[in-house]
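A.B. asks: Dumping the structure here so I can ask a few things about it.
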Amino acid sequence: MAERPTRFDKEDLLRCARGEMFGQGNAQLPLPPMLMADRITDISEDGGEFGKGHIEAEFDITPDLWFFECHFPGNPVMPGCLGLDGLWQLTGFNLGWRGMKGQGFALGAAEVKFSGMVRPANRLVSYRIDFTRIIDRKLKLGVANGKVYADGVEIYNVTGLKVGLAEAAS
């Protein structure tokens, strides 16, 4: 088996968003502005806290990001759902990177705890996802725990992230 890369830059993530990385109809990231990562710094299928794989990624924060202007005027903050979506996006990327086929779908999260926010003065959002379970049958499913950090401070803790891959409906 050929060695797979364990790091991906922004252009790699854009290739994935265009369907050029895992093939059309398979795991795909969204295009900007909904792409919530600028690079993947590490990925595995057997590492992480539970030995079932992990992914680490980063998202550069600048004061001119689209969501700061509208959420909320006078009190700008990145919507919490965008950080959660970043965790789902990266969970699905890991499944595609493993070679699993099908389009990705966020299926939920067991528990989400917010303890901080991303504001325009922040510079970096970091993601850490540790898989707790992988199902590779007709339904492909990744279950993981994830954390989001703003400039190194943990601000989200999510357990039971679920992303599935399934053939596209005709």
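By order of appearance in the structure tokens: chains A, B, ..., then residues from 1 within every chain, and ligands from 1 in the order shown.
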Please provide as a PDB file with N, CA, C and O atoms, in the first residue's frame all residues within 7 Å of Val118 in chain A, with the sequence filter that same-chain residues fewer than 2 positions apart are discarded (counting only C-alpha atoms).
C.D. replies:
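Done, and the output landed in part-v4.pdb:
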```
ATOM      1  N   VAL A  77     -18.330  37.793  16.780  1.00  0.00           N
ATOM      2  CA  VAL A  77     -17.898  36.488  17.265  1.00  0.00           C
ATOM      3  C   VAL A  77     -18.169  35.457  16.160  1.00  0.00           C
ATOM      4  O   VAL A  77     -19.138  35.581  15.414  1.00  0.00           O
ATOM      5  N   MET A  78     -17.273  34.478  16.039  1.00  0.00           N
ATOM      6  CA  MET A  78     -17.517  33.388  15.087  1.00  0.00           C
ATOM      7  C   MET A  78     -18.670  32.542  15.623  1.00  0.00           C
ATOM      8  O   MET A  78     -18.655  32.146  16.793  1.00  0.00           O
ATOM      9  N   PRO A 120     -12.430  38.624  16.566  1.00  0.00           N
ATOM     10  CA  PRO A 120     -11.514  39.137  15.537  1.00  0.00           C
ATOM     11  C   PRO A 120     -10.065  39.288  16.004  1.00  0.00           C
ATOM     12  O   PRO A 120      -9.151  39.223  15.175  1.00  0.00           O
ATOM     13  N   ASN A 122      -8.441  37.149  17.781  1.00  0.00           N
ATOM     14  CA  ASN A 122      -7.781  35.839  17.751  1.00  0.00           C
ATOM     15  C   ASN A 122      -7.038  35.668  16.435  1.00  0.00           C
ATOM     16  O   ASN A 122      -7.367  36.296  15.435  1.00  0.00           O
ATOM     17  N   ALA A 150      -8.835  28.320  20.575  1.00  0.00           N
ATOM     18  CA  ALA A 150      -8.585  29.659  20.031  1.00  0.00           C
ATOM     19  C   ALA A 150      -7.276  30.138  20.636  1.00  0.00           C
ATOM     20  O   ALA A 150      -7.172  30.279  21.862  1.00  0.00           O
TER      21      ALA A 150
END
```
A.B. asks: For range 102-113 of chain A, list every protein, DNA or RNA residue within 7 Å, evaluated using only C-alpha atoms, and leave out those in the same chain fewer than 2 positions away; present the list as a list in words.
C.D. replies: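 Neighbouring residues, sequence-local ones excluded: Gly25, Asn26, Ala27, Gln28, Trp88, Gly92, Met100, Ser115, Tyr156, Asn157, Val158, Thr159, Gly160, Leu161, Lys162, Val163, Gly164, Leu165, Ala166, Glu167 and Ala168 of chain A.
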A.B. asks: From the options A:Tyr149, A:Phe93, A:Phe114, A:Tyr127, which residue's atoms come nearest to Thr6 in chain A, counting only C-alpha atoms?
C.D. replies: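 Between A:Tyr149, A:Phe93, A:Phe114, A:Tyr127, the residue approaching Thr6 in chain A most closely is A:Phe93.
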A.B. asks: Please return, as a count of residues only, all residues of chain A that DSSP assigns to alpha helix (DSSP H) on the basis of the backbone.
C.D. replies: 31
A.B. asks: Find the residues around Gly53 in chain A up to 7 Å (only C-alpha atoms counted), leave out those fewer than 2 positions away in its own chain, and share them as an mmCIF file with C-alpha atoms, in the first residue's frame.
C.D. replies:
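What landed in part_25.cif:
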```
data_model
loop_
_atom_site.group_PDB
_atom_site.id
_atom_site.type_symbol
_atom_site.label_atom_id
_atom_site.label_comp_id
_atom_site.auth_asym_id
_atom_site.auth_seq_id
_atom_site.Cartn_x
_atom_site.Cartn_y
_atom_site.Cartn_z
ATOM 1 C CA SER A 44 -3.715 9.010 11.165
ATOM 2 C CA GLU A 45 -5.902 5.932 11.136
ATOM 3 C CA ASP A 46 -4.366 4.307 14.213
ATOM 4 C CA GLY A 47 -3.115 7.169 16.378
ATOM 5 C CA GLY A 48 -4.902 9.482 18.745
ATOM 6 C CA GLY A 51 -5.680 4.314 18.859
ATOM 7 C CA ASP A 130 -9.745 11.576 18.238
ATOM 8 C CA PHE A 131 -11.760 8.705 16.789
#
```
A.B. asks: Kindly indicate which residue among A:Glu56, A:Asp85, A:Glu154, A:Asp136 lies nearest to Met34 in chain A, using only C-alpha atoms for the distances.
C.D. replies: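 Selected residue with least distance to Met34 in chain A: A:Asp85.
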A.B. asks: Provide the CA of Asn145 in chain A to CA of Ser126 in chain A distance in Å, to one decimal place.
C.D. replies: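 One can read the CA of Asn145 in chain A to CA of Ser126 in chain A distance as 14.2 Å.
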A.B. asks: Do you have the CA of Leu29 in chain A-CA of Trp97 in chain A distance handy?
C.D. replies: 11.8 Å
A.B. asks: Just how far from CA of Gly152 in chain A is CA of Val125 in chain A, in Å to one decimal?
C.D. replies: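 About the pair CA of Val125 in chain A and CA of Gly152 in chain A: they are 7.8 Å apart.
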A.B. asks: In terms of the shortest atom-to-atom distance over only C-alpha atoms, which of A:Leu124, A:Met117, A:Leu141, A:Leu82 is closest to Ile155 in chain A?
C.D. replies: A:Met117
A.B. asks: Extract the full set of strand (DSSP E) residues from range 11-164 of chain A according to DSSP on the backbone, and format it as a ChimeraX atom specification.
C.D. replies: /A:39-44,54-60,103-108,111-114,124-136,140-150,153-164
A.B. asks: Deliver the residues from the most recent selection as a file, using C-alpha atoms, as a JSON list (two decimals), in the first residue's frame.
C.D. replies:
```json
[["chain", "number", "residue", "atom", "x", "y", "z"],
["A", 39, "ARG", "CA", -4.37, 23.19, 6.71],
["A", 40, "ILE", "CA", -4.25, 19.72, 8.23],
["A", 41, "THR", "CA", -1.13, 19.35, 10.33],
["A", 42, "ASP", "CA", -1.45, 15.65, 11.19],
["A", 43, "ILE", "CA", -3.75, 12.74, 10.39],
["A", 44, "SER", "CA", -3.72, 9.01, 11.16],
["A", 54, "HIS", "CA", -6.99, 11.30, 14.74],
["A", 55, "ILE", "CA", -6.78, 14.56, 12.84],
["A", 56, "GLU", "CA", -5.31, 17.94, 13.76],
["A", 57, "ALA", "CA", -5.95, 21.07, 11.71],
["A", 58, "GLU", "CA", -5.74, 24.86, 11.81],
["A", 59, "PHE", "CA", -7.85, 27.77, 10.61],
["A", 60, "ASP", "CA", -6.32, 31.25, 10.33],
["A", 103, "GLN", "CA", -20.50, 11.31, 0.23],
["A", 104, "GLY", "CA", -20.11, 12.67, 3.74],
["A", 105, "PHE", "CA", -22.97, 13.64, 6.02],
["A", 106, "ALA", "CA", -22.85, 15.07, 9.53],
["A", 107, "LEU", "CA", -25.05, 12.83, 11.66],
["A", 108, "GLY", "CA", -24.85, 14.54, 15.03],
["A", 111, "GLU", "CA", -22.59, 16.53, 23.74],
["A", 112, "VAL", "CA", -21.31, 20.00, 22.88],
["A", 113, "LYS", "CA", -19.76, 22.29, 25.50],
["A", 114, "PHE", "CA", -18.72, 25.87, 24.72],
["A", 124, "LEU", "CA", -5.60, 30.79, 15.10],
["A", 125, "VAL", "CA", -8.28, 28.17, 15.61],
["A", 126, "SER", "CA", -6.93, 24.66, 16.12],
["A", 127, "TYR", "CA", -8.89, 21.42, 15.91],
["A", 128, "ARG", "CA", -8.10, 18.07, 17.53],
["A", 129, "ILE", "CA", -10.26, 15.04, 16.73],
["A", 130, "ASP", "CA", -9.74, 11.58, 18.24],
["A", 131, "PHE", "CA", -11.76, 8.71, 16.79],
["A", 132, "THR", "CA", -13.51, 6.37, 19.21],
["A", 133, "ARG", "CA", -15.09, 4.09, 16.59],
["A", 134, "ILE", "CA", -14.88, 3.38, 12.87],
["A", 135, "ILE", "CA", -17.49, 1.30, 11.06],
["A", 136, "ASP", "CA", -16.53, 0.23, 7.54],
["A", 140, "LYS", "CA", -19.26, 4.02, 6.67],
["A", 141, "LEU", "CA", -19.29, 5.81, 10.02],
["A", 142, "GLY", "CA", -16.76, 7.70, 12.07],
["A", 143, "VAL", "CA", -17.44, 8.50, 15.72],
["A", 144, "ALA", "CA", -15.04, 10.85, 17.46],
["A", 145, "ASN", "CA", -14.43, 13.37, 20.21],
["A", 146, "GLY", "CA", -13.23, 16.80, 19.20],
["A", 147, "LYS", "CA", -11.79, 19.93, 20.72],
["A", 148, "VAL", "CA", -11.50, 23.44, 19.33],
["A", 149, "TYR", "CA", -8.88, 25.89, 20.56],
["A", 150, "ALA", "CA", -8.59, 29.66, 20.03],
["A", 153, "VAL", "CA", -7.04, 27.91, 24.75],
["A", 154, "GLU", "CA", -9.71, 25.17, 24.63],
["A", 155, "ILE", "CA", -13.09, 26.71, 23.80],
["A", 156, "TYR", "CA", -15.22, 23.75, 22.59],
["A", 157, "ASN", "CA", -15.34, 20.17, 23.77],
["A", 158, "VAL", "CA", -17.51, 17.81, 21.72],
["A", 159, "THR", "CA", -18.13, 14.12, 22.34],
["A", 160, "GLY", "CA", -19.77, 11.63, 20.02],
["A", 161, "LEU", "CA", -19.23, 13.49, 16.74],
["A", 162, "LYS", "CA", -20.77, 11.33, 14.01],
["A", 163, "VAL", "CA", -20.08, 11.52, 10.29],
["A", 164, "GLY", "CA", -21.25, 8.94, 7.77]]
```
